[in-house]
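Shown next: final04.pdb, containing PDB, C-alpha atoms, pLDDT in the B column.
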ATOM      1  CA  MET A   1      82.830  82.985 105.021  1.00 52.00           C
ATOM      2  CA  THR A   2      86.157  82.918 106.773  1.00 57.00           C
ATOM      3  CA  PRO A   3      89.716  83.151 105.462  1.00 57.00           C
ATOM      4  CA  GLY A   4      90.086  79.390 106.046  1.00 56.00           C
ATOM      5  CA  ASP A   5      86.902  78.504 104.135  1.00 54.00           C
ATOM      6  CA  SER A   6      88.018  76.400 101.165  1.00 60.00           C
ATOM      7  CA  THR A   7      85.268  77.784  98.921  1.00 70.00           C
ATOM      8  CA  VAL A   8      86.543  81.347  99.245  1.00 69.00           C
ATOM      9  CA  SER A   9      89.968  82.445  98.062  1.00 80.00           C
ATOM     10  CA  GLY A  10      92.014  84.866 100.142  1.00 79.00           C
ATOM     11  CA  PHE A  11      91.633  87.436  97.397  1.00 78.00           C
ATOM     12  CA  GLU A  12      87.834  87.088  97.385  1.00 85.00           C
ATOM     13  CA  PHE A  13      87.748  87.392 101.151  1.00 83.00           C
ATOM     14  CA  ALA A  14      89.961  90.486 101.253  1.00 82.00           C
ATOM     15  CA  PHE A  15      88.321  92.175  98.320  1.00 81.00           C
ATOM     16  CA  THR A  16      84.843  91.988  99.809  1.00 86.00           C
ATOM     17  CA  LEU A  17      85.999  94.741 102.161  1.00 87.00           C
ATOM     18  CA  PHE A  18      88.248  96.599  99.727  1.00 89.00           C
ATOM     19  CA  GLY A  19      85.800  96.387  96.831  1.00 89.00           C
ATOM     20  CA  LEU A  20      83.003  97.698  99.011  1.00 91.00           C
ATOM     21  CA  LEU A  21      85.015 100.710 100.163  1.00 93.00           C
ATOM     22  CA  LEU A  22      86.303 101.445  96.654  1.00 92.00           C
ATOM     23  CA  GLY A  23      82.772 101.195  95.268  1.00 93.00           C
ATOM     24  CA  LEU A  24      81.540 103.558  97.963  1.00 94.00           C
ATOM     25  CA  ALA A  25      84.365 105.967  97.089  1.00 94.00           C
ATOM     26  CA  LEU A  26      83.216 106.027  93.463  1.00 94.00           C
ATOM     27  CA  THR A  27      79.612 106.458  94.588  1.00 95.00           C
ATOM     28  CA  GLU A  28      80.555 109.338  96.861  1.00 94.00           C
ATOM     29  CA  GLY A  29      82.393 111.140  94.048  1.00 93.00           C
ATOM     30  CA  LEU A  30      79.567 110.573  91.583  1.00 94.00           C
ATOM     31  CA  SER A  31      76.992 111.756  94.138  1.00 94.00           C
ATOM     32  CA  GLY A  32      78.902 115.011  94.563  1.00 91.00           C
ATOM     33  CA  LEU A  33      79.051 115.482  90.807  1.00 91.00           C
ATOM     34  CA  ALA A  34      75.330 114.757  90.494  1.00 93.00           C
ATOM     35  CA  ARG A  35      74.498 117.358  93.174  1.00 90.00           C
ATOM     36  CA  ALA A  36      76.623 119.923  91.363  1.00 89.00           C
ATOM     37  CA  ILE A  37      75.044 119.168  87.987  1.00 90.00           C
ATOM     38  CA  LYS A  38      71.552 119.478  89.471  1.00 91.00           C
ATOM     39  CA  GLU A  39      72.426 122.967  90.695  1.00 87.00           C
ATOM     40  CA  ARG A  40      74.408 124.076  87.643  1.00 85.00           C
ATOM     41  CA  HIS A  41      71.830 126.782  86.921  1.00 84.00           C
ATOM     42  CA  ARG A  42      72.738 128.437  90.254  1.00 86.00           C
ATOM     43  CA  VAL A  43      76.453 127.778  90.556  1.00 82.00           C
ATOM     44  CA  ARG A  44      79.464 127.553  88.264  1.00 85.00           C
ATOM     45  CA  ILE A  45      81.009 124.132  88.843  1.00 85.00           C
ATOM     46  CA  GLY A  46      84.484 124.877  87.523  1.00 85.00           C
ATOM     47  CA  TRP A  47      86.726 122.611  85.485  1.00 89.00           C
ATOM     48  CA  ALA A  48      89.348 122.232  88.190  1.00 95.00           C
ATOM     49  CA  THR A  49      86.943 120.456  90.535  1.00 95.00           C
ATOM     50  CA  VAL A  50      85.595 118.220  87.783  1.00 94.00           C
ATOM     51  CA  LEU A  51      89.142 117.346  86.704  1.00 96.00           C
ATOM     52  CA  LEU A  52      90.067 116.480  90.293  1.00 97.00           C
ATOM     53  CA  GLY A  53      86.993 114.233  90.496  1.00 96.00           C
ATOM     54  CA  LEU A  54      87.905 112.517  87.222  1.00 96.00           C
ATOM     55  CA  PHE A  55      91.450 111.948  88.446  1.00 97.00           C
ATOM     56  CA  VAL A  56      90.267 110.448  91.744  1.00 97.00           C
ATOM     57  CA  ALA A  57      87.821 108.157  89.911  1.00 96.00           C
ATOM     58  CA  CYS A  58      90.553 106.988  87.521  1.00 95.00           C
ATOM     59  CA  ASP A  59      92.911 106.311  90.407  1.00 95.00           C
ATOM     60  CA  VAL A  60      90.298 104.352  92.368  1.00 95.00           C
ATOM     61  CA  VAL A  61      89.601 102.177  89.316  1.00 93.00           C
ATOM     62  CA  SER A  62      93.345 101.769  88.756  1.00 91.00           C
ATOM     63  CA  PHE A  63      93.821 100.640  92.363  1.00 91.00           C
ATOM     64  CA  TRP A  64      91.028  98.109  91.880  1.00 88.00           C
ATOM     65  CA  MET A  65      92.785  96.815  88.748  1.00 88.00           C
ATOM     66  CA  TYR A  66      96.110  96.500  90.583  1.00 86.00           C
ATOM     67  CA  GLY A  67      94.328  94.457  93.219  1.00 85.00           C
ATOM     68  CA  TRP A  68      93.094  92.090  90.533  1.00 85.00           C
ATOM     69  CA  ALA A  69      96.553  91.850  88.938  1.00 84.00           C
ATOM     70  CA  LEU A  70      98.133  91.011  92.308  1.00 84.00           C
ATOM     71  CA  ARG A  71      95.394  88.596  93.405  1.00 84.00           C
ATOM     72  CA  ASP A  72      97.563  85.473  93.171  1.00 85.00           C
ATOM     73  CA  GLN A  73     100.319  86.981  95.336  1.00 84.00           C
ATOM     74  CA  LEU A  74      98.106  88.334  98.117  1.00 83.00           C
ATOM     75  CA  GLU A  75      97.753  86.306 101.284  1.00 85.00           C
ATOM     76  CA  VAL A  76      95.148  87.231 103.860  1.00 87.00           C
ATOM     77  CA  SER A  77      96.808  88.571 106.988  1.00 89.00           C
ATOM     78  CA  TRP A  78      96.186  91.247 109.551  1.00 91.00           C
ATOM     79  CA  PRO A  79      98.680  93.681 107.932  1.00 90.00           C
ATOM     80  CA  LEU A  80      97.097  93.174 104.486  1.00 89.00           C
ATOM     81  CA  MET A  81      93.552  93.617 105.778  1.00 92.00           C
ATOM     82  CA  PHE A  82      94.302  96.622 107.968  1.00 93.00           C
ATOM     83  CA  GLY A  83      96.624  98.230 105.418  1.00 93.00           C
ATOM     84  CA  GLY A  84      94.015  97.653 102.711  1.00 91.00           C
ATOM     85  CA  PHE A  85      91.370  99.185 104.951  1.00 94.00           C
ATOM     86  CA  LEU A  86      93.538 102.256 105.570  1.00 95.00           C
ATOM     87  CA  VAL A  87      94.251 102.765 101.865  1.00 95.00           C
ATOM     88  CA  THR A  88      90.679 102.225 100.707  1.00 94.00           C
ATOM     89  CA  GLY A  89      89.458 104.405 103.575  1.00 96.00           C
ATOM     90  CA  VAL A  90      91.732 107.218 102.386  1.00 97.00           C
ATOM     91  CA  TYR A  91      90.333 106.778  98.871  1.00 96.00           C
ATOM     92  CA  PHE A  92      86.794 107.082 100.259  1.00 96.00           C
ATOM     93  CA  ILE A  93      87.641 110.227 102.234  1.00 97.00           C
ATOM     94  CA  CYS A  94      89.412 111.815  99.264  1.00 97.00           C
ATOM     95  CA  ALA A  95      86.530 111.043  96.912  1.00 97.00           C
ATOM     96  CA  SER A  96      84.027 112.464  99.389  1.00 97.00           C
ATOM     97  CA  MET A  97      85.946 115.742  99.596  1.00 97.00           C
ATOM     98  CA  VAL A  98      86.171 116.534  95.869  1.00 97.00           C
ATOM     99  CA  PHE A  99      82.770 118.194  95.552  1.00 95.00           C
ATOM    100  CA  PRO A 100      81.484 120.520  98.283  1.00 94.00           C
ATOM    101  CA  ASP A 101      78.486 119.393 100.312  1.00 91.00           C
ATOM    102  CA  ASP A 102      76.981 122.858  99.968  1.00 89.00           C
ATOM    103  CA  VAL A 103      76.639 123.580  96.264  1.00 83.00           C
ATOM    104  CA  ASP A 104      76.446 127.311  97.023  1.00 86.00           C
ATOM    105  CA  THR A 105      80.170 127.096  97.781  1.00 88.00           C
ATOM    106  CA  ASP A 106      82.583 128.691  95.320  1.00 91.00           C
ATOM    107  CA  PHE A 107      83.905 125.592  93.557  1.00 92.00           C
ATOM    108  CA  ASP A 108      87.252 127.171  92.656  1.00 93.00           C
ATOM    109  CA  ALA A 109      87.856 128.222  96.271  1.00 94.00           C
ATOM    110  CA  HIS A 110      86.796 124.742  97.398  1.00 95.00           C
ATOM    111  CA  PHE A 111      89.246 123.206  94.904  1.00 97.00           C
ATOM    112  CA  ASP A 112      92.072 125.370  96.229  1.00 97.00           C
ATOM    113  CA  ARG A 113      91.301 124.306  99.829  1.00 97.00           C
ATOM    114  CA  ILE A 114      90.875 120.570  99.350  1.00 97.00           C
ATOM    115  CA  ARG A 115      93.263 119.855  96.452  1.00 98.00           C
ATOM    116  CA  PRO A 116      96.355 119.428  98.662  1.00 98.00           C
ATOM    117  CA  ILE A 117      94.472 117.057 100.965  1.00 98.00           C
ATOM    118  CA  VAL A 118      92.942 115.011  98.143  1.00 98.00           C
ATOM    119  CA  LEU A 119      96.084 114.813  96.005  1.00 98.00           C
ATOM    120  CA  GLY A 120      98.237 114.155  99.067  1.00 98.00           C
ATOM    121  CA  GLY A 121      95.927 111.333 100.153  1.00 98.00           C
ATOM    122  CA  ILE A 122      95.924 109.764  96.699  1.00 98.00           C
ATOM    123  CA  LEU A 123      99.715 110.133  96.583  1.00 98.00           C
ATOM    124  CA  LEU A 124     100.026 108.241  99.884  1.00 97.00           C
ATOM    125  CA  CYS A 125      97.739 105.485  98.565  1.00 96.00           C
ATOM    126  CA  ASN A 126      99.922 105.118  95.487  1.00 95.00           C
ATOM    127  CA  ILE A 127     103.108 105.023  97.549  1.00 95.00           C
ATOM    128  CA  ALA A 128     101.566 102.179  99.586  1.00 94.00           C
ATOM    129  CA  LEU A 129     100.506 100.394  96.393  1.00 91.00           C
ATOM    130  CA  LEU A 130     103.952 100.772  94.853  1.00 89.00           C
ATOM    131  CA  GLY A 131     105.563  99.417  98.021  1.00 89.00           C
ATOM    132  CA  LEU A 132     103.238  96.402  98.030  1.00 89.00           C
ATOM    133  CA  THR A 133     103.739  95.804  94.309  1.00 85.00           C
ATOM    134  CA  ALA A 134     107.528  96.037  94.600  1.00 83.00           C
ATOM    135  CA  SER A 135     107.464  93.493  97.435  1.00 86.00           C
ATOM    136  CA  LEU A 136     105.425  91.007  95.391  1.00 84.00           C
ATOM    137  CA  VAL A 137     106.719  91.233  91.816  1.00 80.00           C
ATOM    138  CA  ASP A 138     110.053  91.428  90.073  1.00 75.00           C
ATOM    139  CA  ILE A 139     111.256  95.017  90.487  1.00 70.00           C
ATOM    140  CA  LEU A 140     112.663  94.967  86.938  1.00 69.00           C
ATOM    141  CA  SER A 141     109.090  94.944  85.612  1.00 70.00           C
ATOM    142  CA  LEU A 142     108.762  98.438  87.064  1.00 73.00           C
ATOM    143  CA  THR A 143     111.650  99.807  84.980  1.00 77.00           C
ATOM    144  CA  SER A 144     110.267  99.478  81.446  1.00 82.00           C
ATOM    145  CA  LEU A 145     109.693 102.586  79.334  1.00 85.00           C
ATOM    146  CA  ARG A 146     105.938 102.181  79.838  1.00 83.00           C
ATOM    147  CA  ALA A 147     106.382 101.967  83.625  1.00 81.00           C
ATOM    148  CA  MET A 148     108.611 105.037  83.556  1.00 82.00           C
ATOM    149  CA  VAL A 149     105.980 107.074  81.716  1.00 84.00           C
ATOM    150  CA  VAL A 150     102.841 105.715  83.340  1.00 84.00           C
ATOM    151  CA  THR A 151     103.948 104.803  86.858  1.00 83.00           C
ATOM    152  CA  TRP A 152     107.009 106.809  87.758  1.00 86.00           C
ATOM    153  CA  SER A 153     105.811 110.129  86.291  1.00 92.00           C
ATOM    154  CA  PHE A 154     102.855 109.906  88.679  1.00 94.00           C
ATOM    155  CA  PHE A 155     104.885 110.712  91.777  1.00 95.00           C
ATOM    156  CA  PRO A 156     106.536 114.009  90.777  1.00 96.00           C
ATOM    157  CA  ALA A 157     103.316 115.230  89.118  1.00 97.00           C
ATOM    158  CA  ALA A 158     101.211 114.330  92.174  1.00 97.00           C
ATOM    159  CA  LEU A 159     103.780 115.869  94.512  1.00 98.00           C
ATOM    160  CA  LEU A 160     103.911 119.099  92.509  1.00 98.00           C
ATOM    161  CA  GLY A 161     100.103 119.181  92.234  1.00 98.00           C
ATOM    162  CA  THR A 162      99.819 118.715  95.992  1.00 98.00           C
ATOM    163  CA  PHE A 163     102.181 121.467  97.045  1.00 98.00           C
ATOM    164  CA  THR A 164     101.921 124.140  94.353  1.00 98.00           C
ATOM    165  CA  ARG A 165     100.059 127.316  95.201  1.00 96.00           C
ATOM    166  CA  GLN A 166      99.327 128.037  91.543  1.00 97.00           C
ATOM    167  CA  ARG A 167      96.001 126.676  90.303  1.00 96.00           C
ATOM    168  CA  LYS A 168      97.248 126.526  86.684  1.00 97.00           C
ATOM    169  CA  VAL A 169     100.170 124.317  87.716  1.00 98.00           C
ATOM    170  CA  ALA A 170      97.843 122.079  89.745  1.00 98.00           C
ATOM    171  CA  ILE A 171      95.472 121.786  86.772  1.00 97.00           C
ATOM    172  CA  ALA A 172      98.380 120.923  84.447  1.00 98.00           C
ATOM    173  CA  CYS A 173      99.445 118.199  86.902  1.00 98.00           C
ATOM    174  CA  LEU A 174      95.888 116.835  87.034  1.00 98.00           C
ATOM    175  CA  ILE A 175      95.667 116.802  83.238  1.00 97.00           C
ATOM    176  CA  TRP A 176      98.899 114.806  83.044  1.00 96.00           C
ATOM    177  CA  LEU A 177      97.906 112.465  85.881  1.00 97.00           C
ATOM    178  CA  THR A 178      94.519 111.761  84.297  1.00 96.00           C
ATOM    179  CA  ALA A 179      96.111 111.304  80.868  1.00 95.00           C
ATOM    180  CA  THR A 180      98.441 108.605  82.229  1.00 93.00           C
ATOM    181  CA  TYR A 181      95.452 106.292  82.813  1.00 91.00           C
ATOM    182  CA  HIS A 182      94.416 106.687  79.192  1.00 89.00           C
ATOM    183  CA  ILE A 183      98.015 106.255  78.003  1.00 89.00           C
ATOM    184  CA  SER A 184      98.217 103.096  80.116  1.00 86.00           C
ATOM    185  CA  ALA A 185      95.055 101.706  78.505  1.00 85.00           C
ATOM    186  CA  LEU A 186      96.350 102.338  74.989  1.00 85.00           C
ATOM    187  CA  TRP A 187      99.988 101.328  75.610  1.00 85.00           C
ATOM    188  CA  VAL A 188      99.766  97.634  76.438  1.00 77.00           C
TER     189      VAL A 188
END
Is it possible to give me this structure as structure tokens?
Amino acid sequence: MTPGDSTVSGFEFAFTLFGLLLGLALTEGLSGLARAIKERHRVRIGWATVLLGLFVACDVVSFWMYGWALRDQLEVSWPLMFGGFLVTGVYFICASMVFPDDVDTDFDAHFDRIRPIVLGGILLCNIALLGLTASLVDILSLTSLRAMVVTWSFFPAALLGTFTRQRKVAIACLIWLTATYHISALWV
């Protein structure tokens, strides 16, 4: 299969790489959760870490859905392939960091250490996605009330969640960020 192969669309070609990395990101997050659940009799997992994992999973799936929605506008090129690799690679790294490798780790302390990195990485991925989307579709479609609530509220909440030193504020941001995916699904 090559980008010029008439039996393969550019989207199919590009998404073999992106879909693989996004799938591995989900697998990595779920593997961390499974390890933690297996050891739940020895260690308290903590809601903050689980909420961060849920948020990352929702965002990875959302990115995948945006890729599908933009499939007709995407043309295979070096910038698209490398940029897509960078973004999906960041998703993989973020997902792999959510749960500690050593389940004897204090999950709340782990959350406090990795939250800025994970949320910051996801924020960068969404900035890249918004930039790509804005370059491909009518910008007015990003100004509806739904877009204001679901899309634009993401950035201040993710920014605050990344830089706050207060766990309660970070958790509130994660609750809102995770809720926006559910709001988006119900508000069509």
Problem set entry | Residue IDs satisfying the PyMOL selection byres ((chain A and resi 52) around 12), as number ranges by chain | A: 29, 33, 45-51, 53-59, 94-99, 107-108, 110-112, 114-119, 122, 158, 161-162, 167, 170-178
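As for atom CA of A:Met65 and atom CA of A:Cys125, they are spaced 14.0 Å apart.
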Exercise. In Å, how far is it from atom CA of A:Asp72 to atom CA of A:Arg146?
Worked result: 23.0 Å
Just the residues within 12 Å of A:Gly83, please, counting all atoms listed in the file, with nothing from its chain fewer than 4 positions along; format it as a short mmCIF file (atom, residue, chain, number, x, y, z; two decimals) with C-alpha atoms, keeping the file's coordinate frame.
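So around-v6.cif came out as:
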data_model
loop_
_atom_site.label_atom_id
_atom_site.label_comp_id
_atom_site.auth_asym_id
_atom_site.auth_seq_id
_atom_site.Cartn_x
_atom_site.Cartn_y
_atom_site.Cartn_z
CA ALA A 14 89.96 90.49 101.25
CA LEU A 17 86.00 94.74 102.16
CA PHE A 18 88.25 96.60 99.73
CA VAL A 76 95.15 87.23 103.86
CA SER A 77 96.81 88.57 106.99
CA TRP A 78 96.19 91.25 109.55
CA PRO A 79 98.68 93.68 107.93
CA VAL A 87 94.25 102.76 101.86
CA THR A 88 90.68 102.22 100.71
CA GLY A 89 89.46 104.40 103.58
CA VAL A 90 91.73 107.22 102.39
CA LEU A 124 100.03 108.24 99.88
CA CYS A 125 97.74 105.48 98.56
CA ALA A 128 101.57 102.18 99.59
CA LEU A 129 100.51 100.39 96.39
CA GLY A 131 105.56 99.42 98.02
CA LEU A 132 103.24 96.40 98.03
#
Exercise. Counting all atoms listed in the file, which of A:Ala36, A:Leu136, A:Leu74, A:Leu142 gets nearest to A:Asp101?
Worked result: A:Ala36
Problem set entry | Computed interatomic separation between atom CA of A:Ser135 and atom CA of A:Phe82 (Å) |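 Result for atom CA of A:Ser135 versus atom CA of A:Phe82: 17.1 Å, one decimal.
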Set up a box along x, y and z of the file covering all listed atoms of stretch 126-135 of chain A, add 8 Å on every one of the six sides, and write the centre and edge lengths in Å to one decimal, as JSON.
{"center_x": 103.7, "center_y": 99.3, "center_z": 96.9, "size_x": 23.6, "size_y": 27.6, "size_z": 21.3}
For this session: Can you turn the PyMOL selection byres ((chain A and resi 104) around 8) into a concrete residue list for this file, as a list of chain:residue names?
Result: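 Those residues are A:Arg42, A:Val43, A:Asp102, A:Val103, A:Thr105, A:Asp106.
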What does the file look like for those residues with C-alpha atoms, as a short mmCIF file (atom, residue, chain, number, x, y, z; two decimals), in the frame of the given file?
data_model
loop_
_atom_site.label_atom_id
_atom_site.label_comp_id
_atom_site.auth_asym_id
_atom_site.auth_seq_id
_atom_site.Cartn_x
_atom_site.Cartn_y
_atom_site.Cartn_z
CA ARG A 42 72.74 128.44 90.25
CA VAL A 43 76.45 127.78 90.56
CA ASP A 102 76.98 122.86 99.97
CA VAL A 103 76.64 123.58 96.26
CA THR A 105 80.17 127.10 97.78
CA ASP A 106 82.58 128.69 95.32
#
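Nearest to A:Val169 of all the residues A:Ala185, A:Val137, A:Ile37, A:Ala157 is A:Ala157, based on all atoms listed in the file.
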Problem set entry | Test item: residues at most 8 Å from A:Glu75, all atoms listed in the file, excluding those fewer than 3 positions along its chain, as an NGL selection string | :A and (10-11 or 80)
Got time to write the residues from that selection, C-alpha atoms, as a PDB file, in the frame of the given file?
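Full text of selection-v8.pdb as output:
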ATOM      1  CA  GLY A  10      92.014  84.866 100.142  1.00 79.00           C
ATOM      2  CA  PHE A  11      91.633  87.436  97.397  1.00 78.00           C
ATOM      3  CA  LEU A  80      97.097  93.174 104.486  1.00 89.00           C
TER       4      LEU A  80
END
For this session: Within 8 Å of (86.4, 100.6, 101.9) (coordinates as in the file), grab all the protein and nucleic acid residues, counting only C-alpha atoms, and write them out as a ChimeraX atom specification.
Result: /A:17-25,85,88-89,91-92
